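Asks: So here's work_16.cif, just mmCIF, C-alpha atoms:
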data_structure
loop_
_atom_site.group_PDB
_atom_site.id
_atom_site.type_symbol
_atom_site.label_atom_id
_atom_site.label_comp_id
_atom_site.auth_asym_id
_atom_site.auth_seq_id
_atom_site.Cartn_x
_atom_site.Cartn_y
_atom_site.Cartn_z
ATOM 1 C CA MET A 1 109.975 99.158 4.917
ATOM 2 C CA PRO A 2 109.426 98.476 1.224
ATOM 3 C CA LYS A 3 112.908 99.559 0.153
ATOM 4 C CA VAL A 4 114.971 96.398 0.324
ATOM 5 C CA ASP A 5 117.962 96.701 2.657
ATOM 6 C CA LEU A 6 120.335 94.717 0.452
ATOM 7 C CA GLN A 7 123.215 94.923 2.913
ATOM 8 C CA SER A 8 121.142 93.189 5.588
ATOM 9 C CA ILE A 9 120.582 90.118 3.414
ATOM 10 C CA ASP A 10 123.232 87.411 3.368
ATOM 11 C CA GLN A 11 125.148 87.241 0.114
ATOM 12 C CA VAL A 12 126.133 83.642 -0.594
ATOM 13 C CA ASN A 13 127.804 81.643 -3.337
ATOM 14 C CA ARG A 14 126.257 78.319 -2.393
ATOM 15 C CA THR A 15 125.329 75.807 -5.074
ATOM 16 C CA GLY A 16 123.995 72.285 -5.109
ATOM 17 C CA TYR A 17 125.777 71.449 -8.383
ATOM 18 C CA PRO A 18 127.872 68.273 -8.403
ATOM 19 C CA GLU A 19 131.549 68.777 -9.079
ATOM 20 C CA PRO A 20 133.038 69.802 -11.404
ATOM 21 C CA PHE A 21 129.963 71.808 -12.447
ATOM 22 C CA ASP A 22 130.102 73.792 -9.206
ATOM 23 C CA ARG A 23 133.403 75.441 -10.068
ATOM 24 C CA ASP A 24 131.960 77.655 -12.801
ATOM 25 C CA VAL A 25 129.618 79.340 -10.338
ATOM 26 C CA ALA A 26 132.058 79.787 -7.453
ATOM 27 C CA GLY A 27 132.212 83.525 -8.252
ATOM 28 C CA ARG A 28 128.420 83.928 -8.345
ATOM 29 C CA TRP A 29 127.292 85.779 -5.226
ATOM 30 C CA TYR A 30 123.560 86.145 -4.679
ATOM 31 C CA ARG A 31 120.948 87.413 -2.282
ATOM 32 C CA ARG A 32 117.463 85.912 -2.281
ATOM 33 C CA LEU A 33 115.135 88.904 -2.015
ATOM 34 C CA GLY A 34 111.801 87.111 -2.074
ATOM 35 C CA PRO A 35 110.875 85.432 1.148
ATOM 36 C CA VAL A 36 112.705 87.858 3.413
ATOM 37 C CA ASN A 37 110.586 90.708 2.113
ATOM 38 C CA GLY A 38 107.301 88.847 2.259
ATOM 39 C CA LEU A 39 107.028 88.052 -1.446
ATOM 40 C CA THR A 40 105.475 84.691 -2.281
ATOM 41 C CA ASP A 41 104.102 85.096 -5.822
ATOM 42 C CA PHE A 42 107.514 84.881 -7.476
ATOM 43 C CA ALA A 43 111.169 84.395 -6.564
ATOM 44 C CA VAL A 44 113.669 87.208 -7.016
ATOM 45 C CA SER A 45 117.401 87.391 -6.459
ATOM 46 C CA GLN A 46 120.109 90.002 -6.790
ATOM 47 C CA VAL A 47 123.230 88.452 -8.251
ATOM 48 C CA THR A 48 126.817 89.670 -8.567
ATOM 49 C CA LEU A 49 129.218 87.834 -10.875
ATOM 50 C CA LYS A 50 132.918 88.180 -10.235
ATOM 51 C CA PRO A 51 135.112 88.305 -13.353
ATOM 52 C CA GLY A 52 135.021 84.881 -14.986
ATOM 53 C CA ALA A 53 131.997 83.642 -13.050
ATOM 54 C CA TRP A 54 128.951 82.008 -14.623
ATOM 55 C CA SER A 55 125.372 82.684 -13.515
ATOM 56 C CA SER A 56 124.647 78.946 -13.797
ATOM 57 C CA GLN A 57 125.280 76.035 -16.067
ATOM 58 C CA ARG A 58 123.438 76.731 -19.328
ATOM 59 C CA HIS A 59 119.887 75.568 -18.596
ATOM 60 C CA TRP A 60 116.162 75.895 -19.107
ATOM 61 C CA HIS A 61 113.055 75.429 -16.970
ATOM 62 C CA ASN A 62 110.114 73.302 -18.059
ATOM 63 C CA GLY A 63 107.579 75.071 -15.870
ATOM 64 C CA GLU A 64 108.964 78.424 -14.769
ATOM 65 C CA ASP A 65 109.275 81.728 -16.619
ATOM 66 C CA GLU A 66 112.461 83.672 -15.946
ATOM 67 C CA PHE A 67 113.224 87.366 -16.429
ATOM 68 C CA LEU A 68 116.465 89.285 -15.896
ATOM 69 C CA VAL A 69 117.422 92.937 -15.837
ATOM 70 C CA MET A 70 121.044 94.021 -15.915
ATOM 71 C CA ILE A 71 121.940 96.571 -13.250
ATOM 72 C CA ASP A 72 125.659 97.191 -13.331
ATOM 73 C CA GLY A 73 128.607 96.174 -15.499
ATOM 74 C CA GLU A 74 128.427 93.801 -18.439
ATOM 75 C CA ALA A 75 127.766 90.100 -18.928
ATOM 76 C CA THR A 76 127.625 87.849 -21.955
ATOM 77 C CA LEU A 77 124.397 85.936 -22.497
ATOM 78 C CA VAL A 78 125.079 82.568 -24.132
ATOM 79 C CA GLU A 79 122.320 80.580 -25.804
ATOM 80 C CA ASP A 80 121.917 78.183 -28.747
ATOM 81 C CA ASP A 81 121.832 81.088 -31.202
ATOM 82 C CA GLY A 82 125.026 82.725 -30.012
ATOM 83 C CA ARG A 83 126.271 85.365 -27.645
ATOM 84 C CA THR A 84 124.844 88.749 -26.659
ATOM 85 C CA VAL A 85 126.422 91.331 -24.377
ATOM 86 C CA LEU A 86 124.014 92.696 -21.761
ATOM 87 C CA LYS A 87 124.519 96.184 -20.325
ATOM 88 C CA PRO A 88 122.706 98.112 -17.585
ATOM 89 C CA GLY A 89 119.013 98.416 -18.405
ATOM 90 C CA ASP A 90 119.046 95.475 -20.812
ATOM 91 C CA CYS A 91 116.400 92.841 -20.140
ATOM 92 C CA ALA A 92 116.088 89.174 -21.091
ATOM 93 C CA ALA A 93 113.034 86.913 -20.961
ATOM 94 C CA TRP A 94 112.976 83.104 -20.945
ATOM 95 C CA PRO A 95 109.525 81.596 -21.212
ATOM 96 C CA LYS A 96 109.126 78.188 -19.597
ATOM 97 C CA GLY A 97 109.415 75.195 -21.840
ATOM 98 C CA SER A 98 111.830 76.678 -24.352
ATOM 99 C CA THR A 99 114.812 74.330 -24.521
ATOM 100 C CA ASN A 100 117.101 77.099 -25.773
ATOM 101 C CA GLY A 101 119.344 77.012 -22.715
ATOM 102 C CA HIS A 102 120.855 80.206 -21.341
ATOM 103 C CA HIS A 103 123.373 81.522 -18.908
ATOM 104 C CA LEU A 104 125.427 84.654 -18.334
ATOM 105 C CA ILE A 105 129.212 84.781 -18.157
ATOM 106 C CA ASN A 106 131.146 87.714 -16.818
ATOM 107 C CA GLU A 107 133.895 88.071 -19.407
ATOM 108 C CA SER A 108 134.832 91.555 -18.228
ATOM 109 C CA ASP A 109 137.456 92.447 -15.645
ATOM 110 C CA ALA A 110 134.979 94.026 -13.219
ATOM 111 C CA ASP A 111 132.035 92.750 -11.188
ATOM 112 C CA CYS A 112 128.629 92.857 -12.829
ATOM 113 C CA SER A 113 125.218 92.576 -11.222
ATOM 114 C CA PHE A 114 121.662 91.829 -12.212
ATOM 115 C CA VAL A 115 118.253 91.074 -10.765
ATOM 116 C CA VAL A 116 116.536 87.875 -11.857
ATOM 117 C CA MET A 117 113.069 86.592 -11.092
ATOM 118 C CA GLY A 118 111.176 83.388 -11.639
ATOM 119 C CA GLY A 119 107.530 82.358 -11.479
ATOM 120 C CA GLY A 120 105.471 79.275 -12.117
ATOM 121 C CA THR A 121 106.045 75.780 -10.760
ATOM 122 C CA ASN A 122 109.184 73.671 -10.879
ATOM 123 C CA THR A 123 108.519 70.731 -13.169
ATOM 124 C CA GLY A 124 112.183 70.107 -13.902
ATOM 125 C CA GLY A 125 114.458 71.286 -16.645
ATOM 126 C CA GLY A 126 117.631 70.613 -18.537
ATOM 127 C CA TYR A 127 121.234 71.639 -19.083
ATOM 128 C CA SER A 128 122.458 72.271 -22.596
ATOM 129 C CA ASP A 129 126.162 71.510 -22.320
ATOM 130 C CA ILE A 130 126.567 68.865 -19.611
ATOM 131 C CA ASP A 131 125.178 65.416 -18.793
ATOM 132 C CA MET A 132 122.652 66.636 -16.244
ATOM 133 C CA MET A 133 118.975 67.464 -15.795
ATOM 134 C CA PHE A 134 116.986 68.556 -12.753
ATOM 135 C CA THR A 135 113.712 67.030 -11.670
ATOM 136 C CA GLU A 136 110.548 68.365 -10.101
ATOM 137 C CA ASP A 137 111.566 66.938 -6.737
ATOM 138 C CA GLY A 138 114.931 68.704 -6.629
ATOM 139 C CA ALA A 139 117.235 65.942 -7.802
ATOM 140 C CA TYR A 140 120.092 66.198 -10.285
ATOM 141 C CA VAL A 141 120.154 63.264 -12.696
ATOM 142 C CA ARG A 142 122.173 62.258 -15.733
ATOM 143 C CA LYS A 143 120.401 62.154 -19.065
ATOM 144 C CA ASP A 144 120.074 58.354 -18.666
ATOM 145 C CA GLY A 145 118.195 58.999 -15.424
ATOM 146 C CA THR A 146 120.863 57.907 -12.945
ATOM 147 C CA PRO A 147 121.059 60.324 -10.040
ATOM 148 C CA TYR A 148 123.887 62.483 -8.789
ATOM 149 C CA PRO A 149 124.218 62.430 -5.000
ATOM 150 C CA GLU A 150 123.801 66.212 -4.772
ATOM 151 C CA LYS A 151 120.422 67.943 -4.500
ATOM 152 C CA ARG A 152 119.316 71.316 -5.815
ATOM 153 C CA LEU A 153 119.259 74.017 -3.153
ATOM 154 C CA ALA A 154 115.785 75.012 -2.035
ATOM 155 C CA MET B 1 115.763 85.892 -28.930
ATOM 156 C CA PRO B 2 115.806 86.115 -25.137
ATOM 157 C CA LYS B 3 117.291 89.618 -25.007
ATOM 158 C CA VAL B 4 114.297 91.924 -25.008
ATOM 159 C CA ASP B 5 114.317 94.389 -27.908
ATOM 160 C CA LEU B 6 112.967 97.307 -25.901
ATOM 161 C CA GLN B 7 112.852 99.651 -28.878
ATOM 162 C CA SER B 8 110.491 97.304 -30.719
ATOM 163 C CA ILE B 9 107.889 97.463 -27.940
ATOM 164 C CA ASP B 10 105.432 100.329 -27.929
ATOM 165 C CA GLN B 11 106.035 102.822 -25.161
ATOM 166 C CA VAL B 12 102.723 104.281 -24.010
ATOM 167 C CA ASN B 13 101.414 106.632 -21.339
ATOM 168 C CA ARG B 14 97.889 105.260 -21.315
ATOM 169 C CA THR B 15 95.909 105.099 -18.099
ATOM 170 C CA GLY B 16 92.384 104.149 -17.134
ATOM 171 C CA TYR B 17 92.339 106.571 -14.195
ATOM 172 C CA PRO B 18 89.367 108.940 -14.019
ATOM 173 C CA GLU B 19 90.215 112.605 -14.207
ATOM 174 C CA PRO B 20 91.785 114.404 -12.451
ATOM 175 C CA PHE B 21 93.773 111.386 -11.194
ATOM 176 C CA ASP B 22 95.067 110.730 -14.706
ATOM 177 C CA ARG B 23 97.048 113.969 -14.850
ATOM 178 C CA ASP B 24 99.662 112.843 -12.328
ATOM 179 C CA VAL B 25 100.684 109.918 -14.542
ATOM 180 C CA ALA B 26 100.693 111.722 -17.909
ATOM 181 C CA GLY B 27 104.504 111.640 -17.848
ATOM 182 C CA ARG B 28 104.692 107.923 -17.060
ATOM 183 C CA TRP B 29 105.802 106.043 -20.178
ATOM 184 C CA TYR B 30 105.828 102.273 -20.016
ATOM 185 C CA ARG B 31 106.428 99.149 -22.040
ATOM 186 C CA ARG B 32 104.732 95.903 -21.055
ATOM 187 C CA LEU B 33 107.458 93.270 -21.404
ATOM 188 C CA GLY B 34 105.525 90.201 -20.348
ATOM 189 C CA PRO B 35 103.153 88.853 -22.943
ATOM 190 C CA VAL B 36 105.197 89.990 -25.938
ATOM 191 C CA ASN B 37 108.119 87.867 -24.799
ATOM 192 C CA GLY B 38 106.071 84.802 -23.930
ATOM 193 C CA LEU B 39 106.002 85.307 -20.169
ATOM 194 C CA THR B 40 102.792 84.275 -18.425
ATOM 195 C CA ASP B 41 103.819 83.548 -14.825
ATOM 196 C CA PHE B 42 104.162 87.215 -13.890
ATOM 197 C CA ALA B 43 103.721 90.667 -15.393
ATOM 198 C CA VAL B 44 106.719 92.919 -15.975
ATOM 199 C CA SER B 45 107.022 96.454 -17.308
ATOM 200 C CA GLN B 46 109.804 98.902 -18.017
ATOM 201 C CA VAL B 47 108.774 102.390 -16.943
ATOM 202 C CA THR B 48 110.251 105.830 -17.580
ATOM 203 C CA LEU B 49 109.067 108.775 -15.510
ATOM 204 C CA LYS B 50 109.498 112.235 -16.938
ATOM 205 C CA PRO B 51 110.376 114.942 -14.401
ATOM 206 C CA GLY B 52 107.340 115.504 -12.174
ATOM 207 C CA ALA B 53 105.575 112.312 -13.206
ATOM 208 C CA TRP B 54 104.114 109.794 -10.784
ATOM 209 C CA SER B 55 104.320 106.029 -11.254
ATOM 210 C CA SER B 56 100.681 105.724 -10.150
ATOM 211 C CA GLN B 57 98.330 107.046 -7.554
ATOM 212 C CA ARG B 58 99.546 105.794 -4.163
ATOM 213 C CA HIS B 59 98.048 102.302 -3.936
ATOM 214 C CA TRP B 60 98.246 98.724 -2.768
ATOM 215 C CA HIS B 61 97.167 95.326 -4.108
ATOM 216 C CA ASN B 62 95.121 92.859 -2.070
ATOM 217 C CA GLY B 63 96.266 89.803 -4.010
ATOM 218 C CA GLU B 64 99.406 90.631 -5.971
ATOM 219 C CA ASP B 65 103.023 90.941 -4.862
ATOM 220 C CA GLU B 66 104.979 93.748 -6.492
ATOM 221 C CA PHE B 67 108.743 94.217 -6.868
ATOM 222 C CA LEU B 68 110.707 97.095 -8.385
ATOM 223 C CA VAL B 69 114.327 97.653 -9.312
ATOM 224 C CA MET B 70 115.619 101.104 -10.155
ATOM 225 C CA ILE B 71 117.630 101.242 -13.384
ATOM 226 C CA ASP B 72 118.476 104.831 -14.171
ATOM 227 C CA GLY B 73 118.104 108.210 -12.475
ATOM 228 C CA GLU B 74 116.363 108.802 -9.176
ATOM 229 C CA ALA B 75 112.815 108.625 -7.898
ATOM 230 C CA THR B 76 111.203 109.272 -4.537
ATOM 231 C CA LEU B 77 109.245 106.409 -3.024
ATOM 232 C CA VAL B 78 106.320 107.704 -0.966
ATOM 233 C CA GLU B 79 104.525 105.523 1.568
ATOM 234 C CA ASP B 80 102.761 105.908 4.934
ATOM 235 C CA ASP B 81 106.084 106.014 6.777
ATOM 236 C CA GLY B 82 107.645 108.755 4.686
ATOM 237 C CA ARG B 83 109.836 109.259 1.666
ATOM 238 C CA THR B 84 112.857 107.328 0.394
ATOM 239 C CA VAL B 85 115.025 108.198 -2.615
ATOM 240 C CA LEU B 86 115.681 105.218 -4.894
ATOM 241 C CA LYS B 87 118.849 105.096 -7.019
ATOM 242 C CA PRO B 88 120.064 102.627 -9.648
ATOM 243 C CA GLY B 89 120.284 99.134 -8.179
ATOM 244 C CA ASP B 90 117.896 99.905 -5.327
ATOM 245 C CA CYS B 91 115.017 97.461 -4.955
ATOM 246 C CA ALA B 92 111.613 97.696 -3.301
ATOM 247 C CA ALA B 93 109.194 94.916 -2.401
ATOM 248 C CA TRP B 94 105.469 95.235 -1.690
ATOM 249 C CA PRO B 95 103.827 92.059 -0.459
ATOM 250 C CA LYS B 96 100.155 91.701 -1.301
ATOM 251 C CA GLY B 97 97.692 92.699 1.353
ATOM 252 C CA SER B 98 99.807 95.364 3.018
ATOM 253 C CA THR B 99 97.717 98.547 3.005
ATOM 254 C CA ASN B 100 100.806 100.753 3.246
ATOM 255 C CA GLY B 101 100.242 102.387 -0.136
ATOM 256 C CA HIS B 102 103.183 103.292 -2.341
ATOM 257 C CA HIS B 103 104.142 105.175 -5.447
ATOM 258 C CA LEU B 104 107.207 106.765 -6.982
ATOM 259 C CA ILE B 105 107.517 110.420 -7.931
ATOM 260 C CA ASN B 106 110.256 111.781 -10.152
ATOM 261 C CA GLU B 107 111.288 114.915 -8.284
ATOM 262 C CA SER B 108 114.516 115.243 -10.257
ATOM 263 C CA ASP B 109 115.033 117.266 -13.429
ATOM 264 C CA ALA B 110 115.945 114.230 -15.564
ATOM 265 C CA ASP B 111 114.098 111.099 -16.693
ATOM 266 C CA CYS B 112 114.316 108.067 -14.448
ATOM 267 C CA SER B 113 113.520 104.459 -15.256
ATOM 268 C CA PHE B 114 112.777 101.245 -13.438
ATOM 269 C CA VAL B 115 111.525 97.718 -14.011
ATOM 270 C CA VAL B 116 108.515 96.568 -12.026
ATOM 271 C CA MET B 117 106.914 93.153 -11.828
ATOM 272 C CA GLY B 118 103.771 91.719 -10.326
ATOM 273 C CA GLY B 119 102.525 88.234 -9.572
ATOM 274 C CA GLY B 120 99.496 86.635 -7.989
ATOM 275 C CA THR B 121 95.838 87.296 -8.744
ATOM 276 C CA ASN B 122 93.998 90.587 -8.859
ATOM 277 C CA THR B 123 91.538 90.663 -5.984
ATOM 278 C CA GLY B 124 91.306 94.447 -5.909
ATOM 279 C CA GLY B 125 93.146 97.062 -3.938
ATOM 280 C CA GLY B 126 93.047 100.588 -2.629
ATOM 281 C CA TYR B 127 94.409 104.085 -3.022
ATOM 282 C CA SER B 128 95.807 105.878 -0.002
ATOM 283 C CA ASP B 129 95.222 109.520 -0.859
ATOM 284 C CA ILE B 130 92.115 109.683 -3.074
ATOM 285 C CA ASP B 131 88.499 108.522 -2.943
ATOM 286 C CA MET B 132 89.027 105.453 -5.118
ATOM 287 C CA MET B 133 89.521 101.685 -4.955
ATOM 288 C CA PHE B 134 89.857 99.068 -7.681
ATOM 289 C CA THR B 135 87.947 95.828 -7.792
ATOM 290 C CA GLU B 136 88.738 92.309 -8.903
ATOM 291 C CA ASP B 137 86.729 92.838 -12.074
ATOM 292 C CA GLY B 138 88.671 95.907 -13.194
ATOM 293 C CA ALA B 139 86.327 98.654 -12.016
ATOM 294 C CA TYR B 140 87.247 101.876 -10.252
ATOM 295 C CA VAL B 141 84.875 102.685 -7.413
ATOM 296 C CA ARG B 142 84.620 105.324 -4.721
ATOM 297 C CA LYS B 143 85.063 104.228 -1.126
ATOM 298 C CA ASP B 144 81.258 104.218 -0.744
ATOM 299 C CA GLY B 145 81.130 101.711 -3.610
ATOM 300 C CA THR B 146 79.715 103.969 -6.327
ATOM 301 C CA PRO B 147 81.528 103.370 -9.605
ATOM 302 C CA TYR B 148 83.550 105.686 -11.764
ATOM 303 C CA PRO B 149 82.768 105.317 -15.461
ATOM 304 C CA GLU B 150 86.385 104.473 -16.321
ATOM 305 C CA LYS B 151 87.820 100.954 -16.200
ATOM 306 C CA ARG B 152 91.328 99.783 -15.340
ATOM 307 C CA LEU B 153 93.403 98.971 -18.381
ATOM 308 C CA ALA B 154 93.964 95.282 -18.929
#
What is this file in structure tokens?
Replies:
Amino acid sequence: MPKVDLQSIDQVNRTGYPEPFDRDVAGRWYRRLGPVNGLTDFAVSQVTLKPGAWSSQRHWHNGEDEFLVMIDGEATLVEDDGRTVLKPGDCAAWPKGSTNGHHLINESDADCSFVVMGGGTNTGGGYSDIDMMFTEDGAYVRKDGTPYPEKRLA
Amino acid sequence: MPKVDLQSIDQVNRTGYPEPFDRDVAGRWYRRLGPVNGLTDFAVSQVTLKPGAWSSQRHWHNGEDEFLVMIDGEATLVEDDGRTVLKPGDCAAWPKGSTNGHHLINESDADCSFVVMGGGTNTGGGYSDIDMMFTEDGAYVRKDGTPYPEKRLA
């Protein structure tokens, strides 16, 4: 059945982030829509942010394009250049390799939701505001290269 | 600027379909969001269907996954198994190689819009309800292999 039965897919708030970076995404609830529906050419997730929640630490990908479309509610996109409110129907595109890190913050008092997809190949990436990077083999490391014990979730 | 400036992107209703198959999509207005925003890992378009318009002839892709999220209004998804109304926030996934053809029809009296993305590699595909297929080199052919003069749009 091509229509995705969202309710049948587990909604989780798991993260591999080391503490204290994990706390900012505790109110990020997501469903991975890709594999369960047979999609292999790109990854796609439906994400709900509770009030105050972040979509991620502000980050970029070296080898993966990302695209987001806002579905419900409002979120604030934060990047090097400033802040932009995203409303339903608004889209955002992050080509791989741009080190202008991004994330969304729900600064409203209601849930918001979006769909986000990614393609390409993980070759690592960085975080704009914290002493962390991620590697192509799924590790979190400090900017001096020393590892955190936690691993990125598959 | 990662937020996509939709109004700055040409909205077109072009199609490469031979007549009379082109008439069904005359009210399909789309913006290609991929290349203009630097995305290369997948294709993504924002589509508005006027009342009565079809998203495409009912089709499938041999080598490309497709994913759609409804943004505004309502559309009817038609496939081998029947019809399903899609509303804002609803998602649909079409893994490559499934010959269960799909398209959306706007049977409402208002515009509807969605975002659709595709990944993978074009290795051709088919149409469920008409005497046409498309090839990996962008040709439209009848099911006996004889070509139509028109070519798929790039």
Asks: Return the neighbours of chain B among the residues of chain A, cut-off 9 Å, counting only C-alpha atoms, as a ChimeraX atom specification.
Replies: /A:1-6,33-34,37-42,44,64-67,69-72,77,79,81,84,86,88-96,102,113-115,118-120
Asks: As a check of understanding, name the residues that the PyMOL selection byres ((chain B and resi 135) around 12) selects in the supplied structure, as a PyMOL selection string.
Replies: chain B and resi 60-63+121-127+132-134+136-143+145-148+151-152
Asks: Go ahead and compute the interatomic distance for atom CA of B:Ala154 and atom CA of B:Gln57, in Å to one decimal.
Replies: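 Computing it gives 16.9 Å between the two atoms.
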Asks: Excluding A:Val25 and any residue of its chain fewer than 3 positions from it, enumerate the residues within 6 Å of it, using all atoms listed in the file, and give them as an MDAnalysis selection string.
Replies: chainID A and resid 22 28 53:54
Asks: Evaluate the PyMOL selection byres ((chain A and resi 10) around 12) and record the selected residues as a list of chain:residue names, following the chain and residue labels used in the document.
Replies: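 Selected by the PyMOL selection byres ((chain A and resi 10) around 12) in this file: A:Asp5, A:Leu6, A:Gln7, A:Ser8, A:Ile9, A:Gln11, A:Val12, A:Asn13, A:Arg14, A:Trp29, A:Tyr30, A:Arg31, A:Arg32, A:Leu33, A:Val36, A:Ser45, A:Gln46, A:Val47.
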